[in-house]
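Raw contents of upload_25.cif, mmCIF, C-alpha atoms:
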data_model
loop_
_atom_site.group_PDB
_atom_site.id
_atom_site.type_symbol
_atom_site.label_atom_id
_atom_site.label_comp_id
_atom_site.auth_asym_id
_atom_site.auth_seq_id
_atom_site.Cartn_x
_atom_site.Cartn_y
_atom_site.Cartn_z
ATOM 1 C CA MET A 24 -4.679 99.474 39.554
ATOM 2 C CA THR A 25 -7.248 101.928 40.819
ATOM 3 C CA HIS A 26 -9.673 101.070 43.625
ATOM 4 C CA ALA A 27 -12.566 100.959 41.129
ATOM 5 C CA ALA A 28 -10.731 98.522 38.848
ATOM 6 C CA ALA A 29 -9.903 96.258 41.835
ATOM 7 C CA THR A 30 -13.565 96.189 42.771
ATOM 8 C CA VAL A 31 -14.521 95.167 39.252
ATOM 9 C CA ASP A 32 -11.950 92.338 39.332
ATOM 10 C CA GLN A 33 -13.399 91.036 42.570
ATOM 11 C CA MET A 34 -16.866 90.958 41.057
ATOM 12 C CA ARG A 35 -15.653 88.793 38.154
ATOM 13 C CA PRO A 36 -13.699 85.872 39.636
ATOM 14 C CA PRO A 37 -11.335 83.941 37.312
ATOM 15 C CA PHE A 38 -13.447 80.760 37.344
ATOM 16 C CA PRO A 39 -16.619 79.985 35.443
ATOM 17 C CA ALA A 40 -19.952 80.750 37.055
ATOM 18 C CA GLU A 41 -21.784 77.669 38.347
ATOM 19 C CA ARG A 42 -25.350 76.985 37.390
ATOM 20 C CA GLY A 43 -27.608 77.498 40.343
ATOM 21 C CA LEU A 44 -30.895 75.694 40.792
ATOM 22 C CA ASP A 45 -31.269 75.411 37.018
ATOM 23 C CA VAL A 46 -34.614 77.175 37.305
ATOM 24 C CA TYR A 47 -35.618 80.397 35.590
ATOM 25 C CA ASN A 48 -35.780 83.471 37.806
ATOM 26 C CA LYS A 49 -39.562 83.933 37.925
ATOM 27 C CA LYS A 50 -40.094 80.377 39.087
ATOM 28 C CA LEU A 51 -37.287 80.526 41.645
ATOM 29 C CA GLY A 52 -38.678 83.817 42.943
ATOM 30 C CA MET A 53 -42.136 82.274 43.317
ATOM 31 C CA TRP A 54 -40.744 79.277 45.230
ATOM 32 C CA ILE A 55 -38.867 81.570 47.609
ATOM 33 C CA PHE A 56 -42.037 83.629 48.077
ATOM 34 C CA LEU A 57 -44.008 80.448 48.760
ATOM 35 C CA ALA A 58 -41.415 79.385 51.341
ATOM 36 C CA SER A 59 -42.063 82.668 53.163
ATOM 37 C CA GLU A 60 -45.798 82.061 52.821
ATOM 38 C CA VAL A 61 -45.413 78.679 54.535
ATOM 39 C CA MET A 62 -43.982 80.518 57.552
ATOM 40 C CA PHE A 63 -46.787 83.098 57.398
ATOM 41 C CA PHE A 64 -49.519 80.455 57.502
ATOM 42 C CA ALA A 65 -47.531 78.418 60.052
ATOM 43 C CA ALA A 66 -47.718 81.470 62.325
ATOM 44 C CA LEU A 67 -51.501 81.668 61.886
ATOM 45 C CA ILE A 68 -52.086 77.921 62.298
ATOM 46 C CA GLY A 69 -49.621 77.704 65.190
ATOM 47 C CA THR A 70 -51.348 80.541 66.998
ATOM 48 C CA TYR A 71 -54.710 78.845 66.456
ATOM 49 C CA ILE A 72 -53.422 75.532 67.858
ATOM 50 C CA ILE A 73 -51.878 77.233 70.882
ATOM 51 C CA LEU A 74 -55.007 79.266 71.605
ATOM 52 C CA ARG A 75 -57.342 76.341 71.053
ATOM 53 C CA PHE A 76 -55.520 73.669 73.036
ATOM 54 C CA GLY A 77 -54.232 76.078 75.660
ATOM 55 C CA ALA A 78 -57.662 77.692 76.159
ATOM 56 C CA PRO A 79 -59.091 77.550 79.685
ATOM 57 C CA GLY A 80 -62.359 75.927 78.595
ATOM 58 C CA GLU A 81 -64.044 73.842 75.889
ATOM 59 C CA TRP A 82 -63.919 74.986 72.259
ATOM 60 C CA ALA A 83 -67.126 75.261 70.235
ATOM 61 C CA ARG A 84 -67.754 72.321 67.909
ATOM 62 C CA PRO A 85 -67.456 73.729 64.357
ATOM 63 C CA GLY A 86 -70.645 71.974 63.194
ATOM 64 C CA ILE A 87 -72.780 74.088 65.519
ATOM 65 C CA VAL A 88 -71.494 77.475 64.376
ATOM 66 C CA LEU A 89 -70.209 76.958 60.822
ATOM 67 C CA ASN A 90 -71.953 75.788 57.678
ATOM 68 C CA ILE A 91 -69.808 72.751 56.882
ATOM 69 C CA LYS A 92 -71.747 71.659 53.783
ATOM 70 C CA ILE A 93 -71.244 74.897 51.893
ATOM 71 C CA THR A 94 -67.564 75.024 52.874
ATOM 72 C CA ALA A 95 -67.060 71.407 51.820
ATOM 73 C CA PHE A 96 -68.493 72.400 48.429
ATOM 74 C CA ASN A 97 -66.119 75.373 48.368
ATOM 75 C CA THR A 98 -63.194 73.066 49.128
ATOM 76 C CA PHE A 99 -64.189 70.830 46.243
ATOM 77 C CA LEU A 100 -64.475 73.912 44.019
ATOM 78 C CA LEU A 101 -60.941 75.035 44.899
ATOM 79 C CA ILE A 102 -59.613 71.540 44.173
ATOM 80 C CA CYS A 103 -61.380 71.666 40.783
ATOM 81 C CA SER A 104 -59.831 75.059 40.049
ATOM 82 C CA SER A 105 -56.404 73.616 40.852
ATOM 83 C CA VAL A 106 -57.033 70.888 38.283
ATOM 84 C CA SER A 107 -58.161 73.434 35.690
ATOM 85 C CA MET A 108 -54.986 75.466 36.361
ATOM 86 C CA VAL A 109 -52.751 72.483 35.782
ATOM 87 C CA LYS A 110 -54.747 71.651 32.630
ATOM 88 C CA ALA A 111 -54.055 75.200 31.372
ATOM 89 C CA TYR A 112 -50.357 74.617 32.056
ATOM 90 C CA ALA A 113 -50.413 71.274 30.235
ATOM 91 C CA ALA A 114 -52.290 72.812 27.282
ATOM 92 C CA ILE A 115 -49.733 75.562 26.683
ATOM 93 C CA GLN A 116 -46.912 73.036 27.070
ATOM 94 C CA ASP A 117 -48.557 71.145 24.222
ATOM 95 C CA GLY A 118 -48.713 74.360 22.201
ATOM 96 C CA ASP A 119 -52.499 74.794 22.406
ATOM 97 C CA PRO A 120 -53.173 78.416 23.489
ATOM 98 C CA LYS A 121 -56.932 78.134 22.856
ATOM 99 C CA LYS A 122 -57.274 75.273 25.337
ATOM 100 C CA MET A 123 -54.983 77.098 27.745
ATOM 101 C CA ARG A 124 -57.225 80.176 27.639
ATOM 102 C CA PHE A 125 -60.307 78.037 28.316
ATOM 103 C CA TRP A 126 -58.780 76.307 31.366
ATOM 104 C CA LEU A 127 -57.315 79.547 32.692
ATOM 105 C CA LEU A 128 -60.737 81.177 32.432
ATOM 106 C CA MET A 129 -62.280 78.193 34.275
ATOM 107 C CA THR A 130 -59.681 78.647 37.019
ATOM 108 C CA ILE A 131 -60.476 82.355 37.330
ATOM 109 C CA LEU A 132 -64.208 81.595 37.541
ATOM 110 C CA GLY A 133 -63.594 78.852 40.111
ATOM 111 C CA GLY A 134 -61.490 81.174 42.255
ATOM 112 C CA ALA A 135 -63.975 84.039 41.978
ATOM 113 C CA THR A 136 -66.830 81.704 42.949
ATOM 114 C CA PHE A 137 -64.822 80.500 45.957
ATOM 115 C CA VAL A 138 -64.404 84.091 47.135
ATOM 116 C CA GLY A 139 -68.088 84.806 46.470
ATOM 117 C CA ILE A 140 -69.174 81.796 48.536
ATOM 118 C CA GLN A 141 -66.798 82.818 51.327
ATOM 119 C CA VAL A 142 -68.315 86.305 51.396
ATOM 120 C CA TYR A 143 -71.798 84.712 51.516
ATOM 121 C CA GLU A 144 -70.621 82.484 54.383
ATOM 122 C CA TYR A 145 -69.297 85.504 56.304
ATOM 123 C CA ILE A 146 -72.562 87.398 55.828
ATOM 124 C CA HIS A 147 -74.533 84.338 56.964
ATOM 125 C CA LEU A 148 -72.312 83.862 60.043
ATOM 126 C CA ILE A 149 -72.481 87.527 61.037
ATOM 127 C CA GLU A 150 -76.270 87.509 60.627
ATOM 128 C CA HIS A 151 -76.415 84.571 63.051
ATOM 129 C CA GLY A 152 -74.252 86.460 65.521
ATOM 130 C CA PHE A 153 -70.781 84.972 64.910
ATOM 131 C CA VAL A 154 -68.413 87.937 64.673
ATOM 132 C CA PRO A 155 -64.613 88.350 65.046
ATOM 133 C CA ALA A 156 -65.094 89.399 68.673
ATOM 134 C CA GLY A 157 -67.092 86.232 69.440
ATOM 135 C CA VAL A 158 -70.869 86.225 69.699
ATOM 136 C CA ARG A 159 -73.086 89.295 69.201
ATOM 137 C CA GLU A 160 -75.513 89.992 72.034
ATOM 138 C CA GLY A 161 -79.147 89.245 71.286
ATOM 139 C CA SER A 162 -78.297 86.974 68.331
ATOM 140 C CA GLU A 163 -79.250 83.361 67.615
ATOM 141 C CA LEU A 164 -75.799 82.162 68.734
ATOM 142 C CA ALA A 165 -75.984 84.244 71.925
ATOM 143 C CA ALA A 166 -79.026 82.139 72.892
ATOM 144 C CA LEU A 167 -76.947 78.980 72.362
ATOM 145 C CA VAL A 168 -74.229 80.423 74.598
ATOM 146 C CA ALA A 169 -76.849 81.261 77.241
ATOM 147 C CA ASN A 170 -78.254 77.703 77.301
ATOM 148 C CA GLY A 171 -74.764 76.165 77.459
ATOM 149 C CA THR A 172 -74.648 74.649 73.950
ATOM 150 C CA LEU A 173 -71.710 76.938 73.090
ATOM 151 C CA PRO A 174 -68.905 77.744 75.562
ATOM 152 C CA ALA A 175 -68.978 81.402 76.623
ATOM 153 C CA ALA A 176 -65.307 81.564 77.681
ATOM 154 C CA THR A 177 -63.704 80.718 74.335
ATOM 155 C CA MET A 178 -66.087 82.161 71.735
ATOM 156 C CA GLY A 179 -64.018 85.363 71.474
ATOM 157 C CA LEU A 180 -60.856 83.395 70.701
ATOM 158 C CA TYR A 181 -62.763 81.191 68.289
ATOM 159 C CA GLY A 182 -64.208 84.169 66.397
ATOM 160 C CA SER A 183 -60.935 86.047 66.107
ATOM 161 C CA THR A 184 -58.879 83.027 64.996
ATOM 162 C CA PHE A 185 -61.549 81.833 62.553
ATOM 163 C CA PHE A 186 -61.941 85.178 60.793
ATOM 164 C CA THR A 187 -58.179 85.882 60.792
ATOM 165 C CA MET A 188 -57.208 82.552 59.227
ATOM 166 C CA THR A 189 -60.012 82.252 56.698
ATOM 167 C CA GLY A 190 -59.830 85.991 55.968
ATOM 168 C CA PHE A 191 -56.126 85.905 55.142
ATOM 169 C CA HIS A 192 -56.654 82.832 52.998
ATOM 170 C CA GLY A 193 -59.537 84.556 51.197
ATOM 171 C CA PHE A 194 -57.257 87.540 50.605
ATOM 172 C CA HIS A 195 -54.698 85.209 49.006
ATOM 173 C CA VAL A 196 -57.372 83.675 46.774
ATOM 174 C CA THR A 197 -58.496 87.170 45.750
ATOM 175 C CA CYS A 198 -54.893 88.122 44.876
ATOM 176 C CA GLY A 199 -54.638 84.920 42.822
ATOM 177 C CA VAL A 200 -57.843 85.704 40.921
ATOM 178 C CA ILE A 201 -56.641 89.261 40.205
ATOM 179 C CA SER A 202 -53.216 87.992 39.030
ATOM 180 C CA MET A 203 -54.745 85.352 36.773
ATOM 181 C CA THR A 204 -57.232 87.832 35.333
ATOM 182 C CA TYR A 205 -54.355 90.228 34.601
ATOM 183 C CA LEU A 206 -52.395 87.453 32.846
ATOM 184 C CA TYR A 207 -55.504 86.354 30.959
ATOM 185 C CA LEU A 208 -56.213 89.845 29.646
ATOM 186 C CA THR A 209 -52.674 91.026 28.953
ATOM 187 C CA LYS A 210 -50.864 87.831 27.934
ATOM 188 C CA ALA A 211 -53.185 84.919 27.243
ATOM 189 C CA LEU A 212 -55.807 86.717 25.142
ATOM 190 C CA PRO A 213 -53.260 88.596 22.944
ATOM 191 C CA GLY A 214 -51.531 85.235 22.331
ATOM 192 C CA LYS A 215 -48.245 86.045 24.040
ATOM 193 C CA TYR A 216 -47.847 82.570 25.536
ATOM 194 C CA SER A 217 -46.497 79.746 23.440
ATOM 195 C CA LYS A 218 -44.945 76.307 23.735
ATOM 196 C CA ASN A 219 -41.586 78.016 24.301
ATOM 197 C CA ASP A 220 -42.751 80.774 26.651
ATOM 198 C CA TYR A 221 -45.229 79.924 29.381
ATOM 199 C CA GLY A 222 -43.335 81.032 32.494
ATOM 200 C CA GLY A 223 -46.190 83.266 33.652
ATOM 201 C CA ILE A 224 -48.689 80.399 33.572
ATOM 202 C CA GLU A 225 -46.357 78.086 35.488
ATOM 203 C CA THR A 226 -45.521 80.748 38.084
ATOM 204 C CA VAL A 227 -49.089 81.853 38.782
ATOM 205 C CA GLY A 228 -50.045 78.163 38.761
ATOM 206 C CA LEU A 229 -47.573 77.449 41.575
ATOM 207 C CA TYR A 230 -49.150 80.230 43.613
ATOM 208 C CA TRP A 231 -52.653 78.930 42.906
ATOM 209 C CA HIS A 232 -51.818 75.342 43.884
ATOM 210 C CA PHE A 233 -50.210 76.632 47.084
ATOM 211 C CA VAL A 234 -53.410 78.507 47.950
ATOM 212 C CA ASP A 235 -55.325 75.254 47.371
ATOM 213 C CA LEU A 236 -52.836 73.319 49.509
ATOM 214 C CA VAL A 237 -53.165 75.782 52.395
ATOM 215 C CA TRP A 238 -56.964 75.571 52.208
ATOM 216 C CA ILE A 239 -56.812 71.772 52.436
ATOM 217 C CA ILE A 240 -54.993 72.128 55.780
ATOM 218 C CA LEU A 241 -57.167 75.025 57.006
ATOM 219 C CA PHE A 242 -60.413 73.235 56.126
ATOM 220 C CA THR A 243 -59.410 70.244 58.237
ATOM 221 C CA ILE A 244 -58.132 72.265 61.189
ATOM 222 C CA VAL A 245 -60.861 74.903 61.309
ATOM 223 C CA TYR A 246 -63.966 73.111 60.010
ATOM 224 C CA LEU A 247 -63.504 69.426 60.814
ATOM 225 C CA ILE A 248 -61.537 69.188 64.068
ATOM 226 C CA MET B 17 -38.911 75.775 29.788
ATOM 227 C CA GLU B 18 -38.016 72.344 31.089
ATOM 228 C CA THR B 19 -40.493 69.435 31.075
ATOM 229 C CA ALA B 20 -38.678 66.197 30.375
ATOM 230 C CA HIS B 21 -40.888 64.096 32.663
ATOM 231 C CA LYS B 22 -43.915 61.969 31.905
ATOM 232 C CA ARG B 23 -47.050 63.997 32.618
ATOM 233 C CA PRO B 24 -49.125 62.710 35.555
ATOM 234 C CA ASN B 25 -52.797 61.839 35.153
ATOM 235 C CA TYR B 26 -54.256 65.049 36.594
ATOM 236 C CA ILE B 27 -57.837 63.794 36.498
ATOM 237 C CA LEU B 28 -56.856 60.755 38.559
ATOM 238 C CA ILE B 29 -55.250 63.060 41.154
ATOM 239 C CA TRP B 30 -58.470 65.116 41.162
ATOM 240 C CA VAL B 31 -60.489 61.919 41.819
ATOM 241 C CA TYR B 32 -58.130 61.010 44.692
ATOM 242 C CA LEU B 33 -58.554 64.493 46.186
ATOM 243 C CA ALA B 34 -62.345 64.349 45.888
ATOM 244 C CA VAL B 35 -62.512 60.874 47.464
ATOM 245 C CA LEU B 36 -60.175 61.899 50.293
ATOM 246 C CA THR B 37 -62.297 65.008 50.959
ATOM 247 C CA ALA B 38 -65.420 62.840 51.137
ATOM 248 C CA ALA B 39 -63.556 60.462 53.482
ATOM 249 C CA GLU B 40 -62.609 63.399 55.713
ATOM 250 C CA LEU B 41 -66.231 64.535 55.951
ATOM 251 C CA ALA B 42 -67.440 61.008 56.728
ATOM 252 C CA LEU B 43 -64.721 60.607 59.337
ATOM 253 C CA ALA B 44 -65.454 63.953 60.973
ATOM 254 C CA PHE B 45 -69.236 63.648 61.196
ATOM 255 C CA GLU B 46 -70.332 60.045 60.719
ATOM 256 C CA LEU B 47 -67.835 57.609 62.231
ATOM 257 C CA PRO B 48 -68.192 56.999 65.986
ATOM 258 C CA ILE B 49 -64.506 56.645 66.896
ATOM 259 C CA PRO B 50 -62.444 58.130 69.766
ATOM 260 C CA ARG B 51 -61.742 61.857 69.404
ATOM 261 C CA ASN B 52 -57.947 61.571 69.471
ATOM 262 C CA LEU B 53 -57.930 58.847 66.819
ATOM 263 C CA LYS B 54 -60.281 60.955 64.698
ATOM 264 C CA LEU B 55 -57.961 63.940 65.045
ATOM 265 C CA LEU B 56 -54.928 61.904 63.973
ATOM 266 C CA LEU B 57 -56.738 60.373 60.985
ATOM 267 C CA LEU B 58 -58.059 63.761 59.845
ATOM 268 C CA LEU B 59 -54.580 65.287 60.009
ATOM 269 C CA PHE B 60 -53.165 62.302 58.125
ATOM 270 C CA LEU B 61 -55.772 62.714 55.359
ATOM 271 C CA ALA B 62 -55.110 66.476 55.152
ATOM 272 C CA VAL B 63 -51.345 65.925 54.826
ATOM 273 C CA TRP B 64 -51.972 63.226 52.214
ATOM 274 C CA LYS B 65 -54.117 65.615 50.145
ATOM 275 C CA ALA B 66 -51.607 68.446 50.522
ATOM 276 C CA ALA B 67 -48.817 66.087 49.416
ATOM 277 C CA LEU B 68 -50.788 65.100 46.293
ATOM 278 C CA VAL B 69 -51.196 68.780 45.356
ATOM 279 C CA GLY B 70 -47.515 69.528 46.034
ATOM 280 C CA LEU B 71 -46.125 66.473 44.279
ATOM 281 C CA PHE B 72 -48.343 66.359 41.190
ATOM 282 C CA PHE B 73 -49.935 69.785 40.626
ATOM 283 C CA MET B 74 -46.856 71.758 41.694
ATOM 284 C CA HIS B 75 -44.696 69.078 40.039
ATOM 285 C CA LEU B 76 -42.338 68.652 42.995
ATOM 286 C CA LYS B 77 -42.172 64.936 42.205
ATOM 287 C CA PHE B 78 -40.507 65.801 38.915
ATOM 288 C CA GLU B 79 -38.293 68.700 40.010
ATOM 289 C CA LYS B 80 -34.594 68.404 40.773
ATOM 290 C CA TRP B 81 -33.552 67.750 44.354
ATOM 291 C CA ASN B 82 -32.202 71.255 44.973
ATOM 292 C CA LEU B 83 -35.599 72.820 44.200
ATOM 293 C CA ARG B 84 -37.394 70.162 46.254
ATOM 294 C CA ILE B 85 -35.164 71.027 49.206
ATOM 295 C CA LEU B 86 -35.973 74.718 48.746
ATOM 296 C CA ALA B 87 -39.674 73.837 48.874
ATOM 297 C CA LEU B 88 -39.351 71.469 51.840
ATOM 298 C CA VAL B 89 -37.036 73.503 54.089
ATOM 299 C CA PRO B 90 -39.774 75.739 55.554
ATOM 300 C CA LEU B 91 -41.902 72.738 56.575
ATOM 301 C CA PRO B 92 -39.674 71.441 59.436
ATOM 302 C CA LEU B 93 -39.069 75.072 60.425
ATOM 303 C CA ALA B 94 -42.824 75.596 60.640
ATOM 304 C CA VAL B 95 -43.236 72.430 62.729
ATOM 305 C CA ILE B 96 -40.433 73.534 65.105
ATOM 306 C CA PHE B 97 -42.055 76.962 65.352
ATOM 307 C CA ILE B 98 -45.463 75.485 66.225
ATOM 308 C CA LEU B 99 -44.036 72.927 68.682
ATOM 309 C CA ALA B 100 -41.996 75.656 70.409
ATOM 310 C CA GLY B 101 -45.143 77.726 70.869
ATOM 311 C CA MET B 102 -47.064 74.712 72.144
ATOM 312 C CA SER B 103 -44.323 73.828 74.629
ATOM 313 C CA GLU B 104 -44.501 77.352 75.986
ATOM 314 C CA HIS B 105 -48.257 77.617 76.376
ATOM 315 C CA ILE B 106 -49.798 74.153 76.484
ATOM 316 C CA TRP B 107 -47.409 71.538 77.875
#
How does this structure look as structure tokens?
Amino acid sequence: MTHAAATVDQMRPPFPAERGLDVYNKKLGMWIFLASEVMFFAALIGTYIILRFGAPGEWARPGIVLNIKITAFNTFLLICSSVSMVKAYAAIQDGDPKKMRFWLLMTILGGATFVGIQVYEYIHLIEHGFVPAGVREGSELAALVANGTLPAATMGLYGSTFFTMTGFHGFHVTCGVISMTYLYLTKALPGKYSKNDYGGIETVGLYWHFVDLVWIILFTIVYLI
Amino acid sequence: METAHKRPNYILIWVYLAVLTAAELALAFELPIPRNLKLLLLLFLAVWKAALVGLFFMHLKFEKWNLRILALVPLPLAVIFILAGMSEHIW
């Protein structure tokens, strides 16, 4: 037996292959990716907790700096888009591609609106003087720092952690919107999904729900605590 | 494609999520309770909401155990990671 033949024999053992997780590859790949994403966001949230609770001074109360009402609306919007995503999934499972297209489009619009509102929030915050480096000199927030309403020592940490965490989440939402739009245009509209083939919808749906799940945690940690 | 389970009532889950979000806001800005208790309750509500999304929208409640384990494994790792960092810099 040549060396090459021996190698081939080793690659095909004389016992039947076992079924793995019994999940199709795309879905398994997405779950493994999401597992790595959990660690990515754990790093961001962990760093925030360490910096916040290990900081030498007080931390600014979110209500003073951030616009909680508009972000609460944005949170609700993301939850709604998660529902519309799962409705799209249920529709194609039932063999109704028209309904699936409608709910997928609603999800895309919900996600795009979320990103739009986040951009508006950033512009509003920067105009008021809240920047990644802390507080801009001569701004409205700088006056609050000067009169002691906001703590001078930790505003830099607050700004950098806030923009890093919400920025990375916004990036994930943007990627989700782009992916869903791609699927909508190339697969959903031409009618390539059916009752027997909807792996793309399920896989992108898992990603979208994960983005929603992460926001639920971030909203509480960054905006409410 | 495998979907042998009974489909959850997604609208009901949406209502739960909306009510819990409203409860979080009320708790954070309206209720005059001690700060540490508020923090614990807010985290509890956030985990509850996240669990609803994971279990019903991502269908983990209906998946097989091996896939559930794959999804859950990073969570204790993340907690260990965060606690290790906190022990180094806070406690």
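Remark: for Ser104 of chain A, the closest of the candidate residues B:Phe60, B:Phe45, B:Trp81, B:Phe73 is B:Phe73 (distances computed over all atoms listed in the file).
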Taking every listed atom of segment 230-233 of chain A and adding 8 Å to each side, what centre and edge lengths in Å (one decimal) does the axis-aligned box have, as lines of an AutoDock Vina configuration file?
center_x = -50.9
center_y = 77.8
center_z = 45.0
size_x = 19.5
size_y = 20.9
size_z = 20.2
Neighbouring residues of Leu55 of chain B were defined as those with any atom within 9 Å, considering only C-alpha atoms; residues of the same chain fewer than 4 positions away were excluded. Please report them as a compact mmCIF listing (two decimals) with C-alpha atoms, in the coordinates of the input.
# COMPACT_ATOMS: atom_id res chain seq x y z
CA LEU A 247 -63.50 69.43 60.81
CA ILE A 248 -61.54 69.19 64.07
CA ALA B 44 -65.45 63.95 60.97
CA PRO B 50 -62.44 58.13 69.77
CA ARG B 51 -61.74 61.86 69.40
CA LEU B 59 -54.58 65.29 60.01
CA PHE B 60 -53.16 62.30 58.12
Inset, instruction - Give as a list in words the residues that the PyMOL selection byres ((chain B and resi 58) around 10) matches when applied to the coordinates above. - result: Ile240, Thr243, Ile244, Leu247 and Ile248 of chain A; Leu36, Thr37, Ala39, Glu40, Leu41, Leu43, Ala44, Asn52, Leu53, Lys54, Leu55, Leu56, Leu57, Leu59, Phe60, Leu61, Ala62, Val63 and Trp64 of chain B
I need the chosen residues saved as a PDB file, in the frame of the given file, with C-alpha atoms.
ATOM      1  CA  ILE A 240     -54.993  72.128  55.780  1.00  0.00           C
ATOM      2  CA  THR A 243     -59.410  70.244  58.237  1.00  0.00           C
ATOM      3  CA  ILE A 244     -58.132  72.265  61.189  1.00  0.00           C
ATOM      4  CA  LEU A 247     -63.504  69.426  60.814  1.00  0.00           C
ATOM      5  CA  ILE A 248     -61.537  69.188  64.068  1.00  0.00           C
TER       6      ILE A 248
ATOM      7  CA  LEU B  36     -60.175  61.899  50.293  1.00  0.00           C
ATOM      8  CA  THR B  37     -62.297  65.008  50.959  1.00  0.00           C
ATOM      9  CA  ALA B  39     -63.556  60.462  53.482  1.00  0.00           C
ATOM     10  CA  GLU B  40     -62.609  63.399  55.713  1.00  0.00           C
ATOM     11  CA  LEU B  41     -66.231  64.535  55.951  1.00  0.00           C
ATOM     12  CA  LEU B  43     -64.721  60.607  59.337  1.00  0.00           C
ATOM     13  CA  ALA B  44     -65.454  63.953  60.973  1.00  0.00           C
ATOM     14  CA  ASN B  52     -57.947  61.571  69.471  1.00  0.00           C
ATOM     15  CA  LEU B  53     -57.930  58.847  66.819  1.00  0.00           C
ATOM     16  CA  LYS B  54     -60.281  60.955  64.698  1.00  0.00           C
ATOM     17  CA  LEU B  55     -57.961  63.940  65.045  1.00  0.00           C
ATOM     18  CA  LEU B  56     -54.928  61.904  63.973  1.00  0.00           C
ATOM     19  CA  LEU B  57     -56.738  60.373  60.985  1.00  0.00           C
ATOM     20  CA  LEU B  59     -54.580  65.287  60.009  1.00  0.00           C
ATOM     21  CA  PHE B  60     -53.165  62.302  58.125  1.00  0.00           C
ATOM     22  CA  LEU B  61     -55.772  62.714  55.359  1.00  0.00           C
ATOM     23  CA  ALA B  62     -55.110  66.476  55.152  1.00  0.00           C
ATOM     24  CA  VAL B  63     -51.345  65.925  54.826  1.00  0.00           C
ATOM     25  CA  TRP B  64     -51.972  63.226  52.214  1.00  0.00           C
TER      26      TRP B  64
END
Inset, instruction - Go through B:Ile49, B:Ala87, B:Leu76, B:Leu93 and flag the residue nearest Pro24 of chain B, using only C-alpha atoms for the distances. - result: B:Leu76
Inset, instruction - Select, from A:Gly222, A:Gly157, A:Gly190, A:Pro79, the residue with the minimum atom-to-atom distance to chain B, counting only C-alpha atoms. - result: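 Of A:Gly222, A:Gly157, A:Gly190, A:Pro79, the one nearest chain B, counting only C-alpha atoms, is A:Gly222.
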Inset, instruction - Carefully work through the PyMOL selection byres ((chain A) within 6 of (chain B)) for this structure and note down the residues it includes, as a PyMOL selection string. - result: chain A and resi 58+62+65+69+73+77+229+236+240+247
Restricted to C-alpha atoms, what would the selected residues look like written as an mmCIF file, keeping the file's coordinate frame?
data_model
loop_
_atom_site.group_PDB
_atom_site.id
_atom_site.type_symbol
_atom_site.label_atom_id
_atom_site.label_comp_id
_atom_site.auth_asym_id
_atom_site.auth_seq_id
_atom_site.Cartn_x
_atom_site.Cartn_y
_atom_site.Cartn_z
ATOM 1 C CA ALA A 58 -41.415 79.385 51.341
ATOM 2 C CA MET A 62 -43.982 80.518 57.552
ATOM 3 C CA ALA A 65 -47.531 78.418 60.052
ATOM 4 C CA GLY A 69 -49.621 77.704 65.190
ATOM 5 C CA ILE A 73 -51.878 77.233 70.882
ATOM 6 C CA GLY A 77 -54.232 76.078 75.660
ATOM 7 C CA LEU A 229 -47.573 77.449 41.575
ATOM 8 C CA LEU A 236 -52.836 73.319 49.509
ATOM 9 C CA ILE A 240 -54.993 72.128 55.780
ATOM 10 C CA LEU A 247 -63.504 69.426 60.814
#
Inset, instruction - Step by step, work through what the PyMOL selection byres ((chain A and resi 142) around 12) selects in the shown file, and finish by giving those residues as a PyMOL selection string. - result: chain A and resi 93-94+97+135-141+143-149+186+189-190+193-194+197
Inset, instruction - With a distance cut-off of 7 Å and all atoms listed in the file, select the neighbouring residues of Tyr112 of chain A, excluding the residue or stretch itself and same-chain residues fewer than 2 positions from it, and output the selection as number ranges by chain. - result: A: 108-110, 114-116, 123, 224-225
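Reported to one decimal place, the separation of atom CA of Met203 of chain A from atom CA of Thr187 of chain A is 24.3 Å.
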